[in-house]
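The data block below is query.txt; it holds compact mmCIF, C-alpha atoms and all ligand atoms.
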```txt
# COMPACT_ATOMS: atom_id res chain seq x y z
CA MET A 1077 -34.04 12.97 94.78
CA PRO A 1078 -30.86 14.60 96.10
CA LEU A 1079 -27.50 12.95 95.52
CA PHE A 1080 -26.64 13.09 99.16
CA GLU A 1081 -28.45 13.78 102.41
CA TRP A 1082 -26.93 14.98 105.64
CA LYS A 1083 -27.24 12.58 108.55
CA PRO A 1084 -26.32 13.16 112.23
CA LEU A 1085 -23.82 10.33 111.78
CA PHE A 1086 -21.69 12.75 109.72
CA SER A 1087 -21.35 15.25 112.54
CA VAL A 1088 -17.76 15.93 113.60
CA GLY A 1089 -19.00 17.52 116.83
CA ILE A 1090 -17.85 21.01 115.80
CA GLY A 1091 -20.85 23.09 114.77
CA SER A 1092 -19.09 25.50 112.39
CA ILE A 1093 -17.52 22.61 110.48
CA ASP A 1094 -20.76 20.65 110.34
CA SER A 1095 -22.37 23.74 108.78
CA GLN A 1096 -19.61 23.91 106.17
CA HIS A 1097 -20.04 20.22 105.35
CA GLN A 1098 -23.78 20.75 104.99
CA LYS A 1099 -23.11 23.61 102.61
CA LEU A 1100 -20.81 21.36 100.56
CA ILE A 1101 -23.55 18.76 100.36
CA GLY A 1102 -25.94 21.50 99.21
CA TYR A 1103 -23.59 22.43 96.36
CA MET A 1104 -23.20 18.77 95.39
CA ASN A 1105 -26.95 18.36 95.26
CA GLN A 1106 -27.32 21.50 93.14
CA PHE A 1107 -24.80 20.05 90.69
CA TYR A 1108 -26.63 16.74 90.60
CA ASP A 1109 -30.04 18.41 90.16
CA ALA A 1110 -28.75 20.40 87.20
CA VAL A 1111 -27.36 17.20 85.65
CA GLN A 1112 -30.69 15.44 86.16
CA LYS A 1113 -32.48 18.33 84.43
CA GLY A 1114 -30.04 18.04 81.52
CA ASN A 1115 -28.83 21.59 82.10
CA ALA A 1116 -25.08 21.30 81.49
CA ALA A 1117 -24.46 25.06 81.73
CA GLU A 1118 -26.03 25.21 85.17
CA ALA A 1119 -24.24 22.02 86.22
CA LYS A 1120 -20.87 23.53 85.26
CA MET A 1121 -21.67 26.67 87.23
CA CYS A 1122 -22.64 24.58 90.29
CA LEU A 1123 -19.46 22.56 89.97
CA GLY A 1124 -17.41 25.75 89.95
CA ASN A 1125 -19.21 26.93 93.10
CA LEU A 1126 -18.62 23.58 94.74
CA LEU A 1127 -14.89 23.51 94.00
CA ARG A 1128 -14.44 27.09 95.16
CA TYR A 1129 -16.29 26.41 98.37
CA THR A 1130 -14.32 23.19 98.91
CA THR A 1131 -11.12 25.23 98.83
CA THR A 1132 -12.61 27.69 101.33
CA HIS A 1133 -13.69 24.87 103.60
CA PHE A 1134 -10.30 23.17 103.49
CA THR A 1135 -8.51 26.43 104.29
CA GLU A 1136 -10.78 27.16 107.26
CA GLU A 1137 -10.62 23.61 108.55
CA GLU A 1138 -6.81 23.59 108.32
CA ALA A 1139 -6.63 26.88 110.24
CA MET A 1140 -8.80 25.38 112.97
CA MET A 1141 -6.66 22.23 113.13
CA GLN A 1142 -3.63 24.46 113.52
CA ARG A 1143 -5.25 26.43 116.34
CA ALA A 1144 -6.13 23.12 118.00
CA LYS A 1145 -2.51 21.92 117.60
CA PHE A 1146 -3.87 18.78 115.95
CA PRO A 1147 -0.91 16.42 115.39
CA GLY A 1148 -2.33 15.03 112.13
CA LEU A 1149 -2.46 18.43 110.43
CA GLU A 1150 0.18 17.79 107.74
CA GLU A 1151 -1.26 14.42 106.77
CA HIS A 1152 -4.72 15.95 106.60
CA LYS A 1153 -3.51 18.84 104.47
CA GLY A 1154 -1.92 16.34 102.07
CA MET A 1155 -5.23 14.53 101.76
CA HIS A 1156 -7.02 17.81 101.03
CA ARG A 1157 -4.54 18.55 98.25
CA GLN A 1158 -5.07 15.10 96.71
CA LEU A 1159 -8.84 15.41 96.88
CA LEU A 1160 -8.83 18.81 95.24
CA GLU A 1161 -6.46 17.66 92.53
CA LEU A 1162 -8.61 14.69 91.57
CA ALA A 1163 -11.85 16.69 91.85
CA GLY A 1164 -10.28 19.34 89.60
CA LYS A 1165 -9.34 16.72 86.99
CA LEU A 1166 -12.79 15.14 86.99
CA ALA A 1167 -14.42 18.57 86.80
CA LYS A 1168 -12.27 19.50 83.81
CA THR A 1169 -13.24 16.25 82.09
CA TYR A 1170 -16.92 16.98 82.73
CA GLU A 1171 -16.65 20.60 81.62
CA THR A 1172 -14.95 19.59 78.37
CA ASP A 1173 -17.32 16.70 77.72
CA PRO A 1174 -20.52 17.02 79.80
CA THR A 1175 -21.86 13.53 79.14
CA THR A 1176 -24.04 11.64 81.60
CA GLN A 1177 -21.19 9.21 82.13
CA ASN A 1178 -18.76 11.98 83.13
CA ALA A 1179 -21.41 13.59 85.34
CA ASP A 1180 -22.03 10.27 87.08
CA ARG A 1181 -18.31 9.77 87.60
CA MET A 1182 -18.05 13.25 89.10
CA ALA A 1183 -21.12 12.79 91.33
CA SER A 1184 -19.99 9.39 92.51
CA TYR A 1185 -16.52 10.69 93.35
CA LEU A 1186 -17.94 13.65 95.29
CA LYS A 1187 -20.30 11.51 97.30
CA THR A 1188 -17.69 8.87 98.16
CA TRP A 1189 -15.10 11.50 98.92
CA LEU A 1190 -17.27 13.46 101.32
CA THR A 1191 -18.48 10.39 103.16
CA ASN A 1192 -15.07 8.73 103.50
CA HIS A 1193 -13.22 11.92 104.28
CA ILE A 1194 -15.59 13.13 106.98
CA MET A 1195 -15.89 9.72 108.58
CA GLY A 1196 -12.26 8.66 108.19
CA MET A 1197 -10.21 11.85 108.49
CA ASP A 1198 -12.23 14.79 109.76
CA LYS A 1199 -13.50 13.03 112.84
CA LYS A 1200 -9.92 12.50 114.04
CA TYR A 1201 -9.48 16.19 114.91
CA THR A 1202 -12.62 16.43 117.05
CA PRO A 1203 -10.97 15.73 120.44
CA SER A 1204 -8.16 18.28 119.78
CA MET A 1205 -10.62 20.97 118.69
CA GLN A 1206 -12.95 20.34 121.59
CA GLU A 1207 -10.04 20.49 124.05
CA HIS A 1208 -9.14 23.92 122.62
CA GLY A 1209 -12.73 25.14 122.90
CA LEU A 1210 -13.29 25.39 119.16
CA LYS A 1211 -16.89 25.25 118.06
FE1 LIG B 1301 -13.97 18.67 106.06
FE2 LIG B 1301 -10.99 17.65 105.87
O1 LIG B 1301 -12.51 18.26 105.10
```
Would you put the structure from the file into C-alpha cells?
Ligand code: FEO
Amino acid sequence: MPLFEWKPLFSVGIGSIDSQHQKLIGYMNQFYDAVQKGNAAEAKMCLGNLLRYTTTHFTEEEAMMQRAKFPGLEEHKGMHRQLLELAGKLAKTYETDPTTQNADRMASYLKTWLTNHIMGMDKKYTPSMQEHGLK
C-alpha cells in the first residue's frame, strides 16, 4: 500500500504544479516501498531523488509566484527553506542509521509536510497565478 495517494482535494488549480506535487508523491511512495521491502540502499537512493526533486519543485514554484506577483512570496520561500532543512536533517539521520524507526519518522514527516503545505500554503497563491494566466 502506498504511503500517500493523490486526491483531487490536493489540487491547487494550476495544472503544472499539480503534476509536480504528484511527482513528489510518487517519489515518496518509492521511498516507502523500498523501506517496506527492507531495501535500505534503494530507499536511500529514492530519498536522494525526492530531495533533489523537492528543490526543483520549490524553485519552479517560487519563480511562478514571482511572475504572478504573489504578495506572500517571501513568507512562502522561508517555509520552503525550513522544510528542506528539516527534511535534510531527517534524511541524514536515516542515511546514517537506516532503522525502521528512522524510516517511519522520515515517511511521517514527508506525508504531513506535503499535506499541510499544499493545503495551508500552496493554495494561497492560486488566485494570483490564475489572474496572471499561469497554468
Ligand atoms: Fe508546492 Fe510550496 O510547495
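Among the candidates A:Gln1206, A:Ser1092, A:Gln1112, A:Gln1142, the one nearest to Leu1079 (chain A) when counting all atoms listed in the file is A:Gln1112.
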Q. In Å to one decimal, how far is CA of Glu1161 (chain A) from CA of Glu1138 (chain A)?
A. 16.9 Å
Q: List all protein, DNA and RNA residues that have at least one atom no more than 8 Å from any atom of ligand LIG 1301 (chain B), counting all atoms listed in the file, and write them as a PyMOL selection string.
A: chain A and resi 1093+1096-1097+1133-1134+1137-1138+1152-1153+1155-1156+1190+1193-1194+1197-1198
Only C-alpha atoms, please: the residues just picked out, written as a CSV table (one decimal), in the frame of the given file.
```
chain,number,residue,atom,x,y,z
A,1093,ILE,CA,-17.5,22.6,110.5
A,1096,GLN,CA,-19.6,23.9,106.2
A,1097,HIS,CA,-20.0,20.2,105.4
A,1133,HIS,CA,-13.7,24.9,103.6
A,1134,PHE,CA,-10.3,23.2,103.5
A,1137,GLU,CA,-10.6,23.6,108.6
A,1138,GLU,CA,-6.8,23.6,108.3
A,1152,HIS,CA,-4.7,16.0,106.6
A,1153,LYS,CA,-3.5,18.8,104.5
A,1155,MET,CA,-5.2,14.5,101.8
A,1156,HIS,CA,-7.0,17.8,101.0
A,1190,LEU,CA,-17.3,13.5,101.3
A,1193,HIS,CA,-13.2,11.9,104.3
A,1194,ILE,CA,-15.6,13.1,107.0
A,1197,MET,CA,-10.2,11.8,108.5
A,1198,ASP,CA,-12.2,14.8,109.8
```
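The two atoms in question, CA of Gly1124 (chain A) and CA of Gly1154 (chain A), are spaced 21.8 Å apart.
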Q | Å distance separating CA of Ala1167 (chain A) from CA of Ser1087 (chain A), one decimal place | A | 26.9 Å
(Q) When you look at Leu1126 (chain A) with a cut-off of 7 Å (counting all atoms listed in the file), what residues show up, excluding the ones that are within fewer than 6 positions of it in the same chain? I need them as an MDAnalysis selection string. (A) chainID A and resid 1100 1103:1104
Q.
Taking 6 positions as the minimum chain separation for residues in the same chain, which residues sit within 10 Å of Asn1115 (chain A) when counting all atoms listed in the file? Answer as a PyMOL selection string.
A. chain A and resi 1107+1109+1174
Would you put the residues from that selection into a file with C-alpha atoms, as a short mmCIF file (atom, residue, chain, number, x, y, z; two decimals), in the coordinates of the input?
```cif
data_model
loop_
_atom_site.label_atom_id
_atom_site.label_comp_id
_atom_site.auth_asym_id
_atom_site.auth_seq_id
_atom_site.Cartn_x
_atom_site.Cartn_y
_atom_site.Cartn_z
CA PHE A 1107 -24.80 20.05 90.69
CA ASP A 1109 -30.04 18.41 90.16
CA PRO A 1174 -20.52 17.02 79.80
#
```
Q | Minimum-distance residue to Tyr1129 (chain A), chosen among A:Leu1149, A:Val1111, A:Ile1101, A:Ala1144 (using only C-alpha atoms) | A | A:Ile1101
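For the choices A:Met1077, A:Leu1166, A:Phe1146, A:Thr1132, the atom-to-atom distance to Tyr1201 (chain A) is smallest for A:Phe1146 when using all atoms listed in the file.
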Q. Which one of A:Phe1086, A:Thr1131, A:Lys1145, A:Ala1116 sits closest to Pro1203 (chain A) if you count all atoms listed in the file?
A. A:Lys1145
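Closest approach to Asp1180 (chain A) among A:Ala1119, A:Val1088, A:Glu1081, A:Met1205 is made by A:Ala1119 (distances from all atoms listed in the file).
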Would you mind putting back N, CA, C and O atoms on region 1159-1172 of chain A, then writing it out as a tab-separated table (two decimals), in the frame of the given file?
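The file below, selection-v6.tsv, is the result:
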```tsv
chain	number	residue	atom	x	y	z
A	1159	LEU	N	-7.41	15.38	97.21
A	1159	LEU	CA	-8.84	15.41	96.88
A	1159	LEU	C	-9.16	16.51	95.89
A	1159	LEU	O	-9.89	16.31	94.93
A	1160	LEU	N	-8.57	17.68	96.14
A	1160	LEU	CA	-8.83	18.81	95.24
A	1160	LEU	C	-8.27	18.56	93.85
A	1160	LEU	O	-8.88	18.92	92.85
A	1161	GLU	N	-7.09	17.93	93.82
A	1161	GLU	CA	-6.46	17.66	92.53
A	1161	GLU	C	-7.34	16.72	91.70
A	1161	GLU	O	-7.61	16.99	90.52
A	1162	LEU	N	-7.78	15.64	92.32
A	1162	LEU	CA	-8.61	14.69	91.57
A	1162	LEU	C	-9.97	15.30	91.21
A	1162	LEU	O	-10.45	15.13	90.08
A	1163	ALA	N	-10.56	16.04	92.15
A	1163	ALA	CA	-11.85	16.69	91.85
A	1163	ALA	C	-11.67	17.66	90.68
A	1163	ALA	O	-12.53	17.75	89.79
A	1164	GLY	N	-10.56	18.38	90.67
A	1164	GLY	CA	-10.28	19.34	89.60
A	1164	GLY	C	-10.17	18.63	88.25
A	1164	GLY	O	-10.68	19.11	87.23
A	1165	LYS	N	-9.50	17.48	88.25
A	1165	LYS	CA	-9.34	16.72	86.99
A	1165	LYS	C	-10.69	16.21	86.48
A	1165	LYS	O	-11.00	16.33	85.30
A	1166	LEU	N	-11.47	15.65	87.40
A	1166	LEU	CA	-12.79	15.14	86.99
A	1166	LEU	C	-13.69	16.27	86.51
A	1166	LEU	O	-14.45	16.12	85.56
A	1167	ALA	N	-13.59	17.42	87.19
A	1167	ALA	CA	-14.42	18.57	86.80
A	1167	ALA	C	-14.03	19.04	85.40
A	1167	ALA	O	-14.90	19.36	84.58
A	1168	LYS	N	-12.73	19.06	85.13
A	1168	LYS	CA	-12.27	19.50	83.81
A	1168	LYS	C	-12.79	18.54	82.74
A	1168	LYS	O	-13.24	18.98	81.67
A	1169	THR	N	-12.73	17.25	83.05
A	1169	THR	CA	-13.24	16.25	82.09
A	1169	THR	C	-14.72	16.50	81.82
A	1169	THR	O	-15.17	16.50	80.67
A	1170	TYR	N	-15.47	16.75	82.89
A	1170	TYR	CA	-16.92	16.98	82.73
A	1170	TYR	C	-17.17	18.27	81.95
A	1170	TYR	O	-18.03	18.32	81.05
A	1171	GLU	N	-16.42	19.31	82.28
A	1171	GLU	CA	-16.65	20.60	81.62
A	1171	GLU	C	-16.34	20.52	80.12
A	1171	GLU	O	-17.02	21.14	79.31
A	1172	THR	N	-15.32	19.74	79.78
A	1172	THR	CA	-14.95	19.59	78.37
A	1172	THR	C	-15.96	18.70	77.63
A	1172	THR	O	-16.26	18.91	76.46
```
